[in-house]
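Student: Once you've had a glance at the structure underneath, I'll fire off some questions.
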Amino acid sequence: MDRFELRSQDFSLDEDQLAVRAAFADFFAKECPPETVRGAEPRGFDADLWGRLLTLGVGSMSLPTTAGGDDATLVDLVLIAEELGRVLAPVPLISHVVATRMLERAGAPASLISAAARGDFLVTLAHAPVTGGARQLVPDAAVATHVVALLDDKLVLLSADGPGAHVSNQGCTPLAWWRPTDGHDRTVLAAGAKAGAIHTDAVAEWRLLTAAALVGMADAALRLGVEFAKTRRTLGVPIGSLQGISFPLVDIAVGVGGTRHLVWKAAWYAQHEPGSRPELPLMAFDAASRTATHGTSASAHVHGGLGFSVEADISLYFLRAKGWSLLGGSTSANLREIGSVIAGAA
Amino acid sequence: MDRFELRSQDFSLDEDQLAVRAAFADFFAKECPPETVRGAEPRGFDADLWGRLLTLGVGSMSLPTTAGGDDATLVDLVLIAEELGRVLAPVPLISHVVATRMLERAGAPASLISAAARGDFLVTLAHAPVTGGARQLVPDAAVATHVVALLDDKLVLLSADGPGAHVSNQGCTPLAWWRPTDGHDRTVLAAGAKAGAIHTDAVAEWRLLTAAALVGMADAALRLGVEFAKTRRTLGVPIGSLQGISFPLVDIAVGVGGTRHLVWKAAWYAQHEPGSRPELPLMAFDAASRTATHGTSASAHVHGGLGFSVEADISLYFLRAKGWSLLGGSTSANLREIGSVIAGAA
Amino acid sequence: MDFSLVELTRDQQIFQRTVRALLDEVVTDEVHEHERATGDGISVPVHLALGRHGWVMPEWPVEDGGAGLDPVCRRILELELARYQVPRIGLGTTRLVWAAVERFGSRELRERLGPGVADGSVRFCLGYSEPDGGSDIAAARVRAVRDGDHWIVNGSKLWTTGAQCCQYSFVITRTDPDLPKHKGLTMFLVPLDLPGVEIQPIMTYGGERTNAVFFGDVRVSDDQRLGEVNDGWTVLRGPLDKEHSLGPGRDVLEDLSSLRQYLRPLETALDVAVAWARDSTKPDGSGPLADAAVLERLGRAATEIELAVCTPGPLGRVKIGDVMIEQSAQLMDLVGTEALISAGADGALGHEGDIDFTHRFAQGTTIYGGTVEVFRNIIAQHDLHLPRASFPGAKVVI
Amino acid sequence: MDFSLVELTRDQQIFQRTVRALLDEVVTDEVHEHERATGDGISVPVHLALGRHGWVMPEWPVEDGGAGLDPVCRRILELELARYQVPRIGLGTTRLVWAAVERFGSRELRERLGPGVADGSVRFCLGYSEPDGGSDIAAARVRAVRDGDHWIVNGSKLWTTGAQCCQYSFVITRTDPDLPKHKGLTMFLVPLDLPGVEIQPIMTYGGERTNAVFFGDVRVSDDQRLGEVNDGWTVLRGPLDKEHSLGPGRDVLEDLSSLRQYLRPLETALDVAVAWARDSTKPDGSGPLADAAVLERLGRAATEIELAVCTPGPLGRVKIGDVMIEQSAQLMDLVGTEALISAGADGALGHEGDIDFTHRFAQGTTIYGGTVEVFRNIIAQHDLHLPRASFPGAKVVI
């Protein structure tokens, strides 16, 4: 990477992007108030909300027009994911969209792709390559009947009659243990280098979209903290006028502002120059995990004792910061992948 | 380690310890004002100051009475090292004392030990075991003629006619490249397991005493920052009344208070229950490195632009925080040694 | 300086065995399950059992219902209660409030309540904070108006942990709104079974239950008053001063910080992370312990815990809270997805999803008994002697 | 949204080659050695060479001494100056002050100085801060008293970087001490060769030289005044507003933060650390790159740099300073002793002890042009709309 090359640094959204963002912000604000999030606990799935999202076309929009999609870009998807994260929407949008895109890239039968795109079945992906018969935790596998996995050198779609057994977890998400030997139907989607590449790209996409959701989550947590700090008073002044409160809130804002841009940039590169900056989605994910972890915790702290109670909305955010960012494995592993890429040792 | 065992938690100093501390605090405050530190740059050695320290008996005091010493404990030594660090004294006290103690433990000839204890020659230690002919950076080797090193399975004292060539460095210390093949005289001090054990203990002692010095350094930096914050005003108030200034200073105080205690505790264990908590000196060193790095930087920052100028005394501290804590290698390596010990994988 | 193992006399050894025998018996799985389910912070059966042995007020003479324990035995008791993970928030608040009753309560009150406190049947909780009040306790607005030899109390208190298991609450009230903030306050020990008292649970995601307590025209006898009318601030400061002190004469058997117990879950979480690193296998067959990054993170967590244990007084309160939040998050990051699994679910780590629990629990440790910001202000003024900011509503808190 | 490489026209390609050819010629080893030795922040020969090509004021028309460059060519120029590590603090301050001269100076002044600014012979530095003033520039106490068509200036300015290489300094003075703080100020462009002006060097451990400038009964012509008497605050805000703005209409060829250039040394330090990790050998014969902890630390540093590059406006100023301090220290810790070796000494890493340099340099990046605390206050009020603290000496700074 030539650090002095002349590139445009245009972080602005065009009219279409602004419209996509506004539409989904509107949808989520209306359809997913905190009661919806609470109502979907502990499994973290609201079938109604999911159904309404599907009617908006989220399952197909990012597929090529040749596959019945609208050619929406990864930039569009991260804008939607940020709005999803802002309200903590209990829907498996990210996994389902990423896995559906895998089917399309792997050249799965058109009927299968369009069924997934319509949401006839729910599909997710196993993040770790499968070795032997070891089980792994798969995000959204407690609602999905289909899992895309890398089995040795093959990309395989495995399906079962029903989803996996839900494993209760901190973030109230549809997490489940999963192993490929449990009498699944198998469809080999791709083999060899192509299989590995599709899987690697999909994991990066999942992290990128999750990063966007974490940005939305952190931003919403920041807003809750700011509102509280404006109104709560101590010693005759609003607590938000004290630097001991305002500076930590500012630091969340700094994290959110930068991470959002980094997510956008990573989405742009993945869309328009795939392969040229493979570290960017991983960096976005690392930054977003830390921004959300720190931001939700600091905002909860600003709320004082209230921020530690389950009745405060900020609690929903605090529990999902780690609850979402650790779904795909450890953040340490992600970090060392970044190190490998930038050291050219990948 | 039983975390519920009933141990005394007595962090107080007895009268003798208080007297040792007071005497050296007094000595260093009088004999080593900032001009002395500046005057010794860039090599970081003030021969006069060193001579006067030797007359106080620092070279021999921690040796057993049978070896002409006063049986001073590691607790006494960390108290002295903290005072040394407080004024950034440009003397190779830590290396020399630790290396002299190695000679004694290895059963070197009495004449050699007492010559070292008197300071007839200056001795230091090579931190990394010597493998092949690779050179290593040795702290204080630009003033010491003698180096204790672990050569394969032997502990060896190597001496030359003069000290090594000084390598200019951030902390203005007498650092030099050193390799054992450069025509040194050799005395084998110990072999086998004993050699390794003496070397490991000595490196831990060096880190412990350096940790103490870093605590003194951080504490002095804190005082400079606090004084500045009390007197400098902005917007009609002393800057120290703003939480944006006072909270970072408090965090230095928190670090100094805890780290000082940890250093003491580590010294006590190494002295009275050697081997029972081998991780403590390493933990003290890790904590002290971070406290000094963060504390000197944050205090310099409180000084505003002045804290960035070489004429401000805080600059001397900032440059030695890393300049001293990295003399023995990388702090990462120290950290993973702690991990190995506590995971029982050492 | 001394960190040596305390050598126990024969009697002390016997005492230690007695304590362990009792705890083996009374601290059953049901006790822990009850605590996990309710978050009460107190186990009434265990508390009563302690009372039967005089161990609620262990230093009291036996004739007053105590056990006349020496400091070493008191410490033995404390460490064993910690080892057996006895829920003991109620024990702490009862002792704290008693210190004020002893100093400021009438002789009648002391004699009436003392025996029950000792045998465990009388338990106290704290009514300091109020909705909208934050850490500024002196801004209390719960109103007490004199009515003959009674007071009519109205208002609400927040974070009165344990109220559902206690007989009385310490309640700081406003008795003269016209006096300066710290002057018009009066302290009462309000019986929680009085008409008009309503206890409403507040669940935390740290697994603990706390409460809001509402007072609607509650008639409190003047006998229940502690200290003088309008001198409640003095009564309140008494136990707090004790709580925050770190002067000479410190009991060298005690921990350096009263928050030290809050580090225990993190110590457990670290042990669980070490076990995970030792026992689990990565896809390539190697274990996490072969990995330098894992060693560094474990080393950092262990160092931070040790450092927090060594950090004294108010400094320790700040450090312990920060370490809890930071290092519990780091352990989550290190272990990854499995760390998320809830206690009881398939694959939960340790005994009860200890890393998950610690990460949730940690968030409370920067708030209990005053936020870390309150303590940072105290350190800035009292330790560093930095100039105090002047606020419209000042006089400092606590 | 667009991050694509800008496709250069034929003319722009030629321009790029021309710039590189000039810089190959004039940015000699001596230029860098001079900068290392003096910390001037400006290379007069290079500045004059740029002036000869109209590149000091590249957007000015050729007839005014500029080069009439389009935005793409201006950006090409900027990136090449950065690539060649041309010391260019003086370039920045000259352009900043000129913006005020153009807007607030008399026509006579503009015509007198414009050609020199363009050809590089006239250079400006900033006289904002004062001893004891900190970031509160509006508290300026340098006194200017009218004396016919001159003003008598007394007092001192601090951090006037580049004064030793400049002909004029922007100087904000107090002309009416009786008016409110922000009202009684007047701005002058003071010739530094006037009798009574004394420039005293202040060396920083970041390798840069800055200055204190003392004014003792300096007679400054009223012609050198910018803006109205007592309206100096308006003049001062002009360029600063430009500096801090991040509105719509942002030039998409520009960096998001004006501090972005300060990240460059850290990028170099990271490259050096990567090279160290790849090329050095541990005693056991393995290289650091085989070590997951090394990969994680390199990954973290790279991520933080990218994140800082992506952080806009005032947020970016805070982030860049923090990242510089934190990550430079992390790279020191990772590499260890060798990272301490000074430029030119045996074993120094990179070209000139780049990690050591960056760690020292970093400390200044949280201070330049207002401390990060000033920017945190700005963000708290302007972005988050948090209530402003009321201070006795308020009105906000900058």
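By order of appearance in the structure tokens: chains A, B, ..., then residues from 1 within every chain, and ligands from 1 in the order shown.
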For a quick test of understanding: name the residues of chain C lying within 6 Å of chain A when counting only C-alpha atoms, and present them as a VMD selection string.
Tutor: chain C and resid 203 to 205 333 to 337 340 to 342 345 392 to 394
Student: When DSSP works through the backbone of this structure, what residues of stretch 120-296 of chain B end up as strand (DSSP E or B), shown as number ranges by chain?
Tutor: B: 123-125, 130, 136-138, 146-151, 154-159, 166, 169, 176-178, 185-191, 233-234, 237-238
Student: Give me the residues of chain C that have any atom at most 8 Å from an atom of chain D; for each, the nearest atom pair and the distance in Å, rounded to one decimal. Use only C-alpha atoms, sort by chain and number, and format it as a Markdown table.
Tutor:
```
| residue | atom | partner | partner_atom | distance |
| --- | --- | --- | --- | --- |
| C:Asp291 | CA | D:Ala292 | CA | 6.4 |
| C:Ala292 | CA | D:Ala293 | CA | 5.4 |
| C:Ala293 | CA | D:Ala293 | CA | 3.9 |
| C:Val294 | CA | D:Ala293 | CA | 7.7 |
| C:Glu296 | CA | D:Ala293 | CA | 7.3 |
```
Student: Can you pull out every residue within 10 Å of C:Tyr368, counting only C-alpha atoms, but drop anything in the same chain fewer than 2 positions away, and send it as a list in words?
Tutor: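 In the requested format, the answer is Gly304 and Gly305 of chain A; Ser135, Trp159, Leu259, Arg317, Gly321, Gln363, Gly364, Thr365, Thr366, Gly370, Thr371 and Val372 of chain C.
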Student: For stretch 59-75 of chain D, please output as a list in words all residues within 8 Å (counting only C-alpha atoms; exclusion window: fewer than 2 positions along the same chain).
Tutor: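 Contacts, in chain order: Leu6 of chain A; Gln12, Phe15, Gln16, Gly51, His53, Gly54, Trp55, Val56, Met57, Leu77, Glu78, Leu79, Gly114, Pro115, Ala118, Asp119, Leu253 and Glu254 of chain D.
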